[in-house]
>>> print(open('work.cif').read())   # mmCIF, C-alpha atoms
data_entry
loop_
_atom_site.label_atom_id
_atom_site.label_comp_id
_atom_site.auth_asym_id
_atom_site.auth_seq_id
_atom_site.Cartn_x
_atom_site.Cartn_y
_atom_site.Cartn_z
CA MET A 521 -23.07 -14.06 -26.61
CA ALA A 522 -19.54 -12.82 -25.85
CA ALA A 523 -19.04 -10.74 -22.75
CA SER A 524 -17.30 -7.42 -23.31
CA SER A 525 -14.25 -6.81 -21.21
CA ALA A 526 -13.79 -3.20 -20.23
CA PRO A 527 -10.23 -2.07 -19.62
CA PRO A 528 -9.26 -1.70 -15.96
CA ARG A 529 -9.57 1.72 -14.35
CA ALA A 530 -7.10 0.99 -11.55
CA ARG A 531 -4.62 -1.67 -10.52
CA ALA A 532 -3.41 -2.53 -7.03
CA LEU A 533 -0.61 -4.80 -5.98
CA LEU A 534 -0.80 -6.19 -2.43
CA GLN A 535 2.22 -7.38 -0.44
CA GLN A 536 2.29 -8.69 3.11
CA CYS A 537 4.92 -6.93 5.15
CA VAL A 538 6.61 -7.28 8.52
CA ALA A 539 8.93 -4.25 8.32
CA SER A 540 9.23 -1.32 5.92
CA ARG A 541 10.79 2.05 5.44
CA LEU A 542 9.74 4.39 2.61
CA GLN A 543 11.56 7.54 1.58
CA VAL A 544 8.91 10.20 0.96
CA LYS A 545 11.30 13.09 0.29
CA PRO A 546 14.77 12.77 -1.23
CA PRO A 547 17.77 14.47 0.38
CA GLU A 548 18.42 18.03 -0.72
CA PRO A 549 21.30 20.39 -0.06
CA GLY A 550 20.98 21.32 3.61
CA SER A 551 18.38 18.67 4.50
CA GLU A 552 18.31 14.92 4.88
CA ALA A 553 15.84 12.54 3.26
CA GLU A 554 12.49 12.02 5.00
CA TRP A 555 11.25 8.48 5.69
CA VAL A 556 8.10 6.83 7.04
CA GLU A 557 8.06 3.47 8.78
CA ALA A 558 4.79 1.58 8.80
CA PHE A 559 5.87 -1.67 10.41
CA GLN A 560 8.60 -0.65 12.81
CA TRP A 561 7.35 -2.67 15.81
CA TYR A 562 8.23 -6.00 14.24
CA TYR A 563 11.54 -4.65 12.98
CA LYS A 564 12.45 -3.25 16.41
CA MET A 565 11.36 -6.48 18.04
CA ARG A 566 13.81 -8.42 15.88
CA ARG A 567 16.57 -6.00 16.80
CA LYS A 568 15.59 -6.21 20.51
CA LEU A 569 14.68 -2.51 20.68
CA VAL A 570 11.28 -3.27 22.22
CA THR A 571 10.21 -5.86 24.73
CA PRO A 572 8.36 -9.02 23.65
CA GLN A 573 5.26 -7.78 25.51
CA GLN A 574 4.81 -4.87 23.11
CA LYS A 575 2.46 -5.33 20.16
CA ILE A 576 4.01 -6.68 16.98
CA GLN A 577 2.36 -4.93 14.04
CA ARG A 578 2.39 -6.69 10.73
CA GLY A 579 0.58 -5.27 7.81
CA LEU A 580 0.02 -4.74 4.15
CA VAL A 581 1.63 -2.66 1.44
CA ILE A 582 -0.69 -1.47 -1.32
CA TYR A 583 0.94 -0.25 -4.53
CA ILE A 584 -1.67 1.63 -6.53
CA CYS A 585 -2.02 2.99 -10.07
CA PHE A 586 -4.98 4.75 -11.67
CA PHE A 587 -5.79 4.51 -15.39
CA LYS A 588 -7.69 6.81 -17.73
CA GLY A 589 -11.39 6.47 -16.92
CA ALA A 590 -10.90 6.15 -13.15
CA SER A 591 -13.14 8.36 -11.03
CA GLU A 592 -13.97 9.13 -7.39
CA GLU A 593 -16.88 6.66 -7.52
CA LEU A 594 -14.38 3.80 -7.83
CA ILE A 595 -12.49 4.61 -4.61
CA PRO A 596 -14.97 3.20 -2.00
CA LYS A 597 -15.13 -0.14 -3.85
CA MET A 598 -11.33 -0.29 -4.03
CA VAL A 599 -10.87 0.49 -0.33
CA ASN A 600 -13.52 -2.02 0.72
CA THR A 601 -12.02 -4.77 -1.44
CA LEU A 602 -8.38 -4.16 -0.51
CA LEU A 603 -8.92 -3.80 3.25
CA ASN A 604 -11.17 -6.88 3.42
CA VAL A 605 -9.28 -9.37 1.23
CA LYS A 606 -8.09 -12.27 3.41
CA LEU A 607 -4.32 -12.47 2.88
CA SER A 608 -2.81 -12.36 6.38
CA GLU A 609 -2.16 -15.68 8.05
CA THR A 610 -2.77 -15.97 11.80
CA GLU A 611 -0.87 -18.26 14.17
CA SER A 612 -3.62 -20.88 13.70
CA GLY A 613 -3.15 -20.87 9.91
CA LYS A 614 -6.42 -19.05 9.20
CA TYR A 615 -6.35 -16.21 6.67
CA VAL A 616 -7.87 -12.89 7.75
CA SER A 617 -8.17 -9.37 6.34
CA LEU A 618 -6.04 -6.43 7.38
CA LEU A 619 -9.00 -5.15 9.42
CA ASP A 620 -9.31 -8.46 11.30
CA LEU A 621 -5.57 -8.94 11.82
CA PRO A 622 -5.37 -5.91 12.72
CA GLY A 623 -2.37 -4.56 10.83
CA ASN A 624 -0.69 -1.40 9.64
CA LEU A 625 -1.04 -0.12 6.09
CA LEU A 626 1.54 1.41 3.76
CA ILE A 627 0.19 2.90 0.51
CA ILE A 628 2.60 3.58 -2.34
CA PRO A 629 1.61 5.28 -5.60
CA GLN A 630 3.13 3.21 -8.41
CA ALA A 631 2.62 4.56 -11.93
CA THR A 632 4.75 1.76 -13.37
CA LEU A 633 1.88 -0.67 -12.70
CA GLY A 634 0.24 0.92 -15.75
CA GLY A 635 3.08 0.15 -18.12
CA ARG A 636 2.81 -1.92 -21.28
CA LEU A 637 5.70 -3.37 -23.20
CA LYS A 638 6.04 -2.09 -26.75
CA GLY A 639 9.06 -3.55 -28.44
CA ARG A 640 11.77 -3.27 -25.80
CA ASN A 641 10.39 -0.18 -24.07
CA MET A 642 7.70 0.39 -21.48
CA GLN A 643 4.93 2.84 -22.32
CA TYR A 644 2.43 4.40 -19.92
CA HIS A 645 -0.23 5.80 -22.28
CA SER A 646 -3.14 4.29 -20.32
CA ASN A 647 -2.19 5.98 -17.02
CA ILE A 648 -4.40 8.79 -15.75
CA GLU A 649 -3.26 12.40 -15.98
CA LYS A 650 -1.00 13.37 -13.06
CA GLU A 651 -3.35 15.96 -11.49
CA LYS A 652 -6.39 13.68 -11.59
CA GLY A 653 -4.31 10.76 -10.32
CA MET A 654 -3.10 12.87 -7.41
CA GLU A 655 -6.71 13.70 -6.47
CA LEU A 656 -7.79 10.05 -6.62
CA TYR A 657 -4.74 8.94 -4.64
CA SER A 658 -5.45 11.52 -1.93
CA HIS A 659 -9.09 10.40 -1.73
CA PHE A 660 -7.96 6.74 -1.56
CA VAL A 661 -5.54 7.45 1.32
CA THR A 662 -8.15 9.48 3.24
CA LEU A 663 -10.79 6.76 2.91
CA CYS A 664 -8.32 4.06 4.03
CA GLU A 665 -7.45 6.16 7.10
CA LYS A 666 -11.15 6.61 7.93
CA GLU A 667 -11.91 2.89 7.55
CA LEU A 668 -9.04 1.83 9.80
CA ALA A 669 -9.88 4.50 12.40
CA ALA A 670 -13.54 3.37 12.44
CA ASN A 671 -12.61 -0.29 12.95
CA THR A 672 -12.61 -1.18 16.67
CA LYS A 673 -9.84 -3.79 16.44
CA CYS A 674 -7.58 -1.44 14.51
CA ALA A 675 -8.24 1.52 16.81
CA GLU A 676 -7.50 -0.56 19.93
CA ALA A 677 -4.29 -1.93 18.39
CA GLY A 678 -3.05 1.53 17.40
CA VAL A 679 -2.89 0.66 13.71
CA VAL A 680 -1.35 3.34 11.48
CA VAL A 681 -1.65 4.28 7.83
CA LYS A 682 1.48 5.62 6.15
CA TYR A 683 1.72 6.62 2.52
CA GLY A 684 4.12 7.74 -0.14
CA THR A 685 4.24 10.96 -2.10
CA TYR A 686 2.36 10.92 -5.40
CA GLY A 687 4.49 11.76 -8.43
CA ASN A 688 7.88 11.23 -6.75
CA ARG A 689 10.32 8.38 -7.14
CA GLN A 690 10.66 6.80 -3.70
CA VAL A 691 13.14 4.44 -2.06
CA LEU A 692 11.56 1.44 -0.33
CA LYS A 693 13.11 -1.00 2.12
CA LEU A 694 10.85 -3.96 2.77
CA ASP A 695 10.94 -7.14 4.86
CA THR A 696 8.28 -9.71 4.07
CA ASN A 697 7.34 -13.08 5.43
CA GLY A 698 7.43 -14.57 1.97
CA PRO A 699 6.81 -13.60 -1.63
CA PHE A 700 3.07 -13.37 -1.26
CA THR A 701 2.12 -10.68 -3.78
CA HIS A 702 -1.33 -10.31 -5.37
CA MET A 703 -2.63 -8.06 -8.13
CA ILE A 704 -6.23 -6.85 -8.23
CA GLU A 705 -7.75 -4.78 -11.05
CA PHE A 706 -10.80 -2.57 -10.80
#
>>> encode(input="work.cif", output="structure tokens")
Amino acid sequence: MAASSAPPRARALLQQCVASRLQVKPPEPGSEAEWVEAFQWYYKMRRKLVTPQQKIQRGLVIYICFFKGASEELIPKMVNTLLNVKLSETESGKYVSLLDLPGNLLIIPQATLGGRLKGRNMQYHSNIEKEKGMELYSHFVTLCEKELAANTKCAEAGVVVKYGTYGNRQVLKLDTNGPFTHMIEF
């Protein structure tokens, strides 16, 4: 008996990160661009802007895309899986989750993860409608914030969650400790 394979309802790309800066609002006449930094401790440490005694916060970037058929019921499973996957290497060589590290989190909506090549062009017909995607993204961010705030290690370490703006093209500057990118479908 052949198993049926349902199309994915969401796709996430995970990237370890040691420093990042994400533009969440482009510059406009009369105002400068707005940025968030999720991993600035490590970056400042390298530039000698903080003392070695201050906490170095590494973390994880999650790029996320929702497809047609995604619903609110999927979000808790996604958050649980993504925050508990063991990708971060400790000094002893052991791999731990973001919650056990503890580390900061940067969430970036990435509609291009839903693209399919047709001829020489990319098409995004399987992506969710923008309004529904925005709702799911907001719910995803909120649940990630709650999970990190409820985790004792993360709360004691002052872990932060930063996130991009859904529906906007955003500029990202990223320092990683190696090309260690993983894709997970839900």
>>> residues_around(input="work.cif", residues="Ala669 (chain A)", least_positions_apart="2", cutoff="12 Å", atoms="all atoms listed in the file", output="PDB file with C-alpha atoms, keeping the file's coordinate frame")
ATOM      1  CA  LEU A 619      -9.000  -5.150   9.420  1.00  0.00           C
ATOM      2  CA  PRO A 622      -5.370  -5.910  12.720  1.00  0.00           C
ATOM      3  CA  GLY A 623      -2.370  -4.560  10.830  1.00  0.00           C
ATOM      4  CA  ASN A 624      -0.690  -1.400   9.640  1.00  0.00           C
ATOM      5  CA  LEU A 625      -1.040  -0.120   6.090  1.00  0.00           C
ATOM      6  CA  THR A 662      -8.150   9.480   3.240  1.00  0.00           C
ATOM      7  CA  LEU A 663     -10.790   6.760   2.910  1.00  0.00           C
ATOM      8  CA  CYS A 664      -8.320   4.060   4.030  1.00  0.00           C
ATOM      9  CA  GLU A 665      -7.450   6.160   7.100  1.00  0.00           C
ATOM     10  CA  LYS A 666     -11.150   6.610   7.930  1.00  0.00           C
ATOM     11  CA  GLU A 667     -11.910   2.890   7.550  1.00  0.00           C
ATOM     12  CA  ASN A 671     -12.610  -0.290  12.950  1.00  0.00           C
ATOM     13  CA  THR A 672     -12.610  -1.180  16.670  1.00  0.00           C
ATOM     14  CA  LYS A 673      -9.840  -3.790  16.440  1.00  0.00           C
ATOM     15  CA  CYS A 674      -7.580  -1.440  14.510  1.00  0.00           C
ATOM     16  CA  ALA A 675      -8.240   1.520  16.810  1.00  0.00           C
ATOM     17  CA  GLU A 676      -7.500  -0.560  19.930  1.00  0.00           C
ATOM     18  CA  ALA A 677      -4.290  -1.930  18.390  1.00  0.00           C
ATOM     19  CA  GLY A 678      -3.050   1.530  17.400  1.00  0.00           C
ATOM     20  CA  VAL A 679      -2.890   0.660  13.710  1.00  0.00           C
ATOM     21  CA  VAL A 680      -1.350   3.340  11.480  1.00  0.00           C
ATOM     22  CA  VAL A 681      -1.650   4.280   7.830  1.00  0.00           C
TER      23      VAL A 681
END
>>> atom_distance(input="work.cif", atom1="CA of Leu533 (chain A)", atom2="CA of Phe586 (chain A)")
11.9 Å
>>> resolve_selection(input="work.cif", expression="the PyMOL selection byres ((chain A and resi 589) around 12)", output="list of chain:residue names")
A:Ala526, A:Pro527, A:Pro528, A:Arg529, A:Ala530, A:Phe586, A:Phe587, A:Lys588, A:Ala590, A:Ser591, A:Glu592, A:Glu593, A:Leu594, A:Ser646, A:Asn647, A:Ile648, A:Glu649, A:Lys652, A:Gly653, A:Leu656, A:Phe706
>>> write_last_selection(input="work.cif", atoms="C-alpha atoms", output="short mmCIF file (atom, residue, chain, number, x, y, z; two decimals), in the coordinates of the input")
data_model
loop_
_atom_site.label_atom_id
_atom_site.label_comp_id
_atom_site.auth_asym_id
_atom_site.auth_seq_id
_atom_site.Cartn_x
_atom_site.Cartn_y
_atom_site.Cartn_z
CA ALA A 526 -13.79 -3.20 -20.23
CA PRO A 527 -10.23 -2.07 -19.62
CA PRO A 528 -9.26 -1.70 -15.96
CA ARG A 529 -9.57 1.72 -14.35
CA ALA A 530 -7.10 0.99 -11.55
CA PHE A 586 -4.98 4.75 -11.67
CA PHE A 587 -5.79 4.51 -15.39
CA LYS A 588 -7.69 6.81 -17.73
CA ALA A 590 -10.90 6.15 -13.15
CA SER A 591 -13.14 8.36 -11.03
CA GLU A 592 -13.97 9.13 -7.39
CA GLU A 593 -16.88 6.66 -7.52
CA LEU A 594 -14.38 3.80 -7.83
CA SER A 646 -3.14 4.29 -20.32
CA ASN A 647 -2.19 5.98 -17.02
CA ILE A 648 -4.40 8.79 -15.75
CA GLU A 649 -3.26 12.40 -15.98
CA LYS A 652 -6.39 13.68 -11.59
CA GLY A 653 -4.31 10.76 -10.32
CA LEU A 656 -7.79 10.05 -6.62
CA PHE A 706 -10.80 -2.57 -10.80
#
>>> residues_around(input="work.cif", residues="Leu542 (chain A)", least_positions_apart="4", cutoff="8 Å", atoms="only C-alpha atoms", output="PDB file with C-alpha atoms, keeping the file's coordinate frame")
ATOM      1  CA  TRP A 555      11.250   8.480   5.690  1.00  0.00           C
ATOM      2  CA  VAL A 556       8.100   6.830   7.040  1.00  0.00           C
ATOM      3  CA  GLU A 557       8.060   3.470   8.780  1.00  0.00           C
ATOM      4  CA  GLY A 684       4.120   7.740  -0.140  1.00  0.00           C
ATOM      5  CA  GLN A 690      10.660   6.800  -3.700  1.00  0.00           C
ATOM      6  CA  VAL A 691      13.140   4.440  -2.060  1.00  0.00           C
ATOM      7  CA  LEU A 692      11.560   1.440  -0.330  1.00  0.00           C
ATOM      8  CA  LYS A 693      13.110  -1.000   2.120  1.00  0.00           C
TER       9      LYS A 693
END
>>> closest_residue(input="work.cif", among="A:Pro596, A:Gly687, A:Gly698, A:Pro549", to="Gln536 (chain A)", atoms="only C-alpha atoms")
A:Gly698
>>> closest_residue(input="work.cif", among="A:Thr610, A:Gln643, A:Gln535, A:Ser540", to="Ile584 (chain A)", atoms="only C-alpha atoms")
A:Gln535
>>> residues_near_point(input="work.cif", point="(-5.1, -13.6, 5.3)", cutoff="9 Å", atoms="all atoms listed in the file", output="NGL selection string")
:A and (605-610 or 613-618 or 620-621)
>>> residues_around(input="work.cif", residues="Met703 (chain A)", least_positions_apart="2", cutoff="7 Å", atoms="only C-alpha atoms", output="mmCIF file with C-alpha atoms, in the coordinates of the input")
data_model
loop_
_atom_site.group_PDB
_atom_site.id
_atom_site.type_symbol
_atom_site.label_atom_id
_atom_site.label_comp_id
_atom_site.auth_asym_id
_atom_site.auth_seq_id
_atom_site.Cartn_x
_atom_site.Cartn_y
_atom_site.Cartn_z
ATOM 1 C CA ALA A 532 -3.410 -2.530 -7.030
ATOM 2 C CA LEU A 533 -0.610 -4.800 -5.980
ATOM 3 C CA LEU A 534 -0.800 -6.190 -2.430
ATOM 4 C CA THR A 701 2.120 -10.680 -3.780
ATOM 5 C CA GLU A 705 -7.750 -4.780 -11.050
#
>>> atom_distance(input="work.cif", atom1="CA of Ser658 (chain A)", atom2="CA of Pro546 (chain A)")
20.3 Å
>>> atom_distance(input="work.cif", atom1="CA of His659 (chain A)", atom2="CA of Ile595 (chain A)")
7.3 Å
>>> closest_residue(input="work.cif", among="A:Cys585, A:Leu668, A:Ile704, A:Cys537", to="Leu633 (chain A)", atoms="all atoms listed in the file")
A:Cys585
>>> decode(input="work.cif", residues="region 598-631 of chain A", atoms="N, CA and C atoms", output="PDB file, in the first residue's frame")
ATOM      1  N   MET A 598       4.667  23.677  15.169  1.00  0.00           N
ATOM      2  CA  MET A 598       5.819  24.326  14.545  1.00  0.00           C
ATOM      3  C   MET A 598       6.743  24.933  15.594  1.00  0.00           C
ATOM      4  N   VAL A 599       6.163  25.684  16.520  1.00  0.00           N
ATOM      5  CA  VAL A 599       6.958  26.344  17.562  1.00  0.00           C
ATOM      6  C   VAL A 599       7.686  25.310  18.405  1.00  0.00           C
ATOM      7  N   ASN A 600       6.981  24.276  18.828  1.00  0.00           N
ATOM      8  CA  ASN A 600       7.593  23.225  19.635  1.00  0.00           C
ATOM      9  C   ASN A 600       8.764  22.570  18.897  1.00  0.00           C
ATOM     10  N   THR A 601       8.550  22.222  17.652  1.00  0.00           N
ATOM     11  CA  THR A 601       9.597  21.570  16.862  1.00  0.00           C
ATOM     12  C   THR A 601      10.798  22.489  16.669  1.00  0.00           C
ATOM     13  N   LEU A 602      10.569  23.712  16.244  1.00  0.00           N
ATOM     14  CA  LEU A 602      11.660  24.620  15.891  1.00  0.00           C
ATOM     15  C   LEU A 602      12.465  25.085  17.103  1.00  0.00           C
ATOM     16  N   LEU A 603      11.814  25.275  18.241  1.00  0.00           N
ATOM     17  CA  LEU A 603      12.542  25.717  19.435  1.00  0.00           C
ATOM     18  C   LEU A 603      13.257  24.564  20.137  1.00  0.00           C
ATOM     19  N   ASN A 604      12.878  23.333  19.838  1.00  0.00           N
ATOM     20  CA  ASN A 604      13.474  22.182  20.516  1.00  0.00           C
ATOM     21  C   ASN A 604      14.428  21.357  19.660  1.00  0.00           C
ATOM     22  N   VAL A 605      14.576  21.686  18.382  1.00  0.00           N
ATOM     23  CA  VAL A 605      15.507  20.947  17.533  1.00  0.00           C
ATOM     24  C   VAL A 605      16.936  21.248  18.008  1.00  0.00           C
ATOM     25  N   LYS A 606      17.763  20.232  18.102  1.00  0.00           N
ATOM     26  CA  LYS A 606      19.116  20.371  18.661  1.00  0.00           C
ATOM     27  C   LYS A 606      20.111  20.704  17.550  1.00  0.00           C
ATOM     28  N   LEU A 607      20.362  21.998  17.361  1.00  0.00           N
ATOM     29  CA  LEU A 607      21.263  22.473  16.318  1.00  0.00           C
ATOM     30  C   LEU A 607      22.455  23.260  16.849  1.00  0.00           C
ATOM     31  N   SER A 608      22.383  23.753  18.062  1.00  0.00           N
ATOM     32  CA  SER A 608      23.422  24.630  18.596  1.00  0.00           C
ATOM     33  C   SER A 608      24.476  23.823  19.336  1.00  0.00           C
ATOM     34  N   GLU A 609      25.717  24.002  18.932  1.00  0.00           N
ATOM     35  CA  GLU A 609      26.813  23.252  19.529  1.00  0.00           C
ATOM     36  C   GLU A 609      27.369  23.994  20.739  1.00  0.00           C
ATOM     37  N   THR A 610      27.518  23.270  21.842  1.00  0.00           N
ATOM     38  CA  THR A 610      28.110  23.850  23.053  1.00  0.00           C
ATOM     39  C   THR A 610      29.628  23.705  22.988  1.00  0.00           C
ATOM     40  N   GLU A 611      30.307  24.285  23.975  1.00  0.00           N
ATOM     41  CA  GLU A 611      31.768  24.216  24.030  1.00  0.00           C
ATOM     42  C   GLU A 611      32.257  22.764  24.101  1.00  0.00           C
ATOM     43  N   SER A 612      31.453  21.885  24.688  1.00  0.00           N
ATOM     44  CA  SER A 612      31.839  20.474  24.827  1.00  0.00           C
ATOM     45  C   SER A 612      31.555  19.658  23.564  1.00  0.00           C
ATOM     46  N   GLY A 613      30.945  20.280  22.551  1.00  0.00           N
ATOM     47  CA  GLY A 613      30.643  19.575  21.315  1.00  0.00           C
ATOM     48  C   GLY A 613      29.258  18.955  21.283  1.00  0.00           C
ATOM     49  N   LYS A 614      28.510  19.079  22.358  1.00  0.00           N
ATOM     50  CA  LYS A 614      27.155  18.534  22.436  1.00  0.00           C
ATOM     51  C   LYS A 614      26.195  19.496  21.722  1.00  0.00           C
ATOM     52  N   TYR A 615      25.203  18.941  21.034  1.00  0.00           N
ATOM     53  CA  TYR A 615      24.195  19.766  20.375  1.00  0.00           C
ATOM     54  C   TYR A 615      22.978  19.920  21.280  1.00  0.00           C
ATOM     55  N   VAL A 616      22.507  21.163  21.411  1.00  0.00           N
ATOM     56  CA  VAL A 616      21.361  21.462  22.264  1.00  0.00           C
ATOM     57  C   VAL A 616      20.373  22.338  21.492  1.00  0.00           C
ATOM     58  N   SER A 617      19.167  22.443  22.014  1.00  0.00           N
ATOM     59  CA  SER A 617      18.137  23.279  21.406  1.00  0.00           C
ATOM     60  C   SER A 617      18.363  24.740  21.771  1.00  0.00           C
ATOM     61  N   LEU A 618      17.640  25.609  21.115  1.00  0.00           N
ATOM     62  CA  LEU A 618      17.695  27.036  21.423  1.00  0.00           C
ATOM     63  C   LEU A 618      17.289  27.283  22.877  1.00  0.00           C
ATOM     64  N   LEU A 619      16.305  26.531  23.362  1.00  0.00           N
ATOM     65  CA  LEU A 619      15.839  26.691  24.738  1.00  0.00           C
ATOM     66  C   LEU A 619      16.901  26.266  25.741  1.00  0.00           C
ATOM     67  N   ASP A 620      17.693  25.251  25.411  1.00  0.00           N
ATOM     68  CA  ASP A 620      18.733  24.772  26.321  1.00  0.00           C
ATOM     69  C   ASP A 620      20.031  25.553  26.201  1.00  0.00           C
ATOM     70  N   LEU A 621      20.228  26.258  25.090  1.00  0.00           N
ATOM     71  CA  LEU A 621      21.475  26.994  24.888  1.00  0.00           C
ATOM     72  C   LEU A 621      21.716  28.013  25.999  1.00  0.00           C
ATOM     73  N   PRO A 622      20.920  28.885  26.422  1.00  0.00           N
ATOM     74  CA  PRO A 622      19.783  29.526  25.753  1.00  0.00           C
ATOM     75  C   PRO A 622      20.278  30.564  24.748  1.00  0.00           C
ATOM     76  N   GLY A 623      19.442  30.851  23.740  1.00  0.00           N
ATOM     77  CA  GLY A 623      19.853  31.789  22.706  1.00  0.00           C
ATOM     78  C   GLY A 623      18.718  32.675  22.249  1.00  0.00           C
ATOM     79  N   ASN A 624      19.106  33.760  21.583  1.00  0.00           N
ATOM     80  CA  ASN A 624      18.134  34.695  21.021  1.00  0.00           C
ATOM     81  C   ASN A 624      17.499  34.113  19.773  1.00  0.00           C
ATOM     82  N   LEU A 625      16.384  34.715  19.361  1.00  0.00           N
ATOM     83  CA  LEU A 625      15.645  34.238  18.200  1.00  0.00           C
ATOM     84  C   LEU A 625      15.299  35.411  17.295  1.00  0.00           C
ATOM     85  N   LEU A 626      15.573  35.254  16.016  1.00  0.00           N
ATOM     86  CA  LEU A 626      15.176  36.219  14.998  1.00  0.00           C
ATOM     87  C   LEU A 626      14.273  35.491  14.020  1.00  0.00           C
ATOM     88  N   ILE A 627      13.051  35.994  13.830  1.00  0.00           N
ATOM     89  CA  ILE A 627      12.069  35.368  12.944  1.00  0.00           C
ATOM     90  C   ILE A 627      11.873  36.277  11.733  1.00  0.00           C
ATOM     91  N   ILE A 628      12.011  35.690  10.546  1.00  0.00           N
ATOM     92  CA  ILE A 628      11.899  36.472   9.320  1.00  0.00           C
ATOM     93  C   ILE A 628      10.868  35.820   8.406  1.00  0.00           C
ATOM     94  N   PRO A 629       9.794  36.543   8.055  1.00  0.00           N
ATOM     95  CA  PRO A 629       8.849  35.988   7.085  1.00  0.00           C
ATOM     96  C   PRO A 629       9.529  35.932   5.723  1.00  0.00           C
ATOM     97  N   GLN A 630       9.387  34.805   5.029  1.00  0.00           N
ATOM     98  CA  GLN A 630      10.131  34.621   3.779  1.00  0.00           C
ATOM     99  C   GLN A 630       9.252  33.919   2.758  1.00  0.00           C
ATOM    100  N   ALA A 631       8.428  34.690   2.047  1.00  0.00           N
ATOM    101  CA  ALA A 631       7.507  34.121   1.064  1.00  0.00           C
ATOM    102  C   ALA A 631       8.229  33.378  -0.045  1.00  0.00           C
TER     103      ALA A 631
END
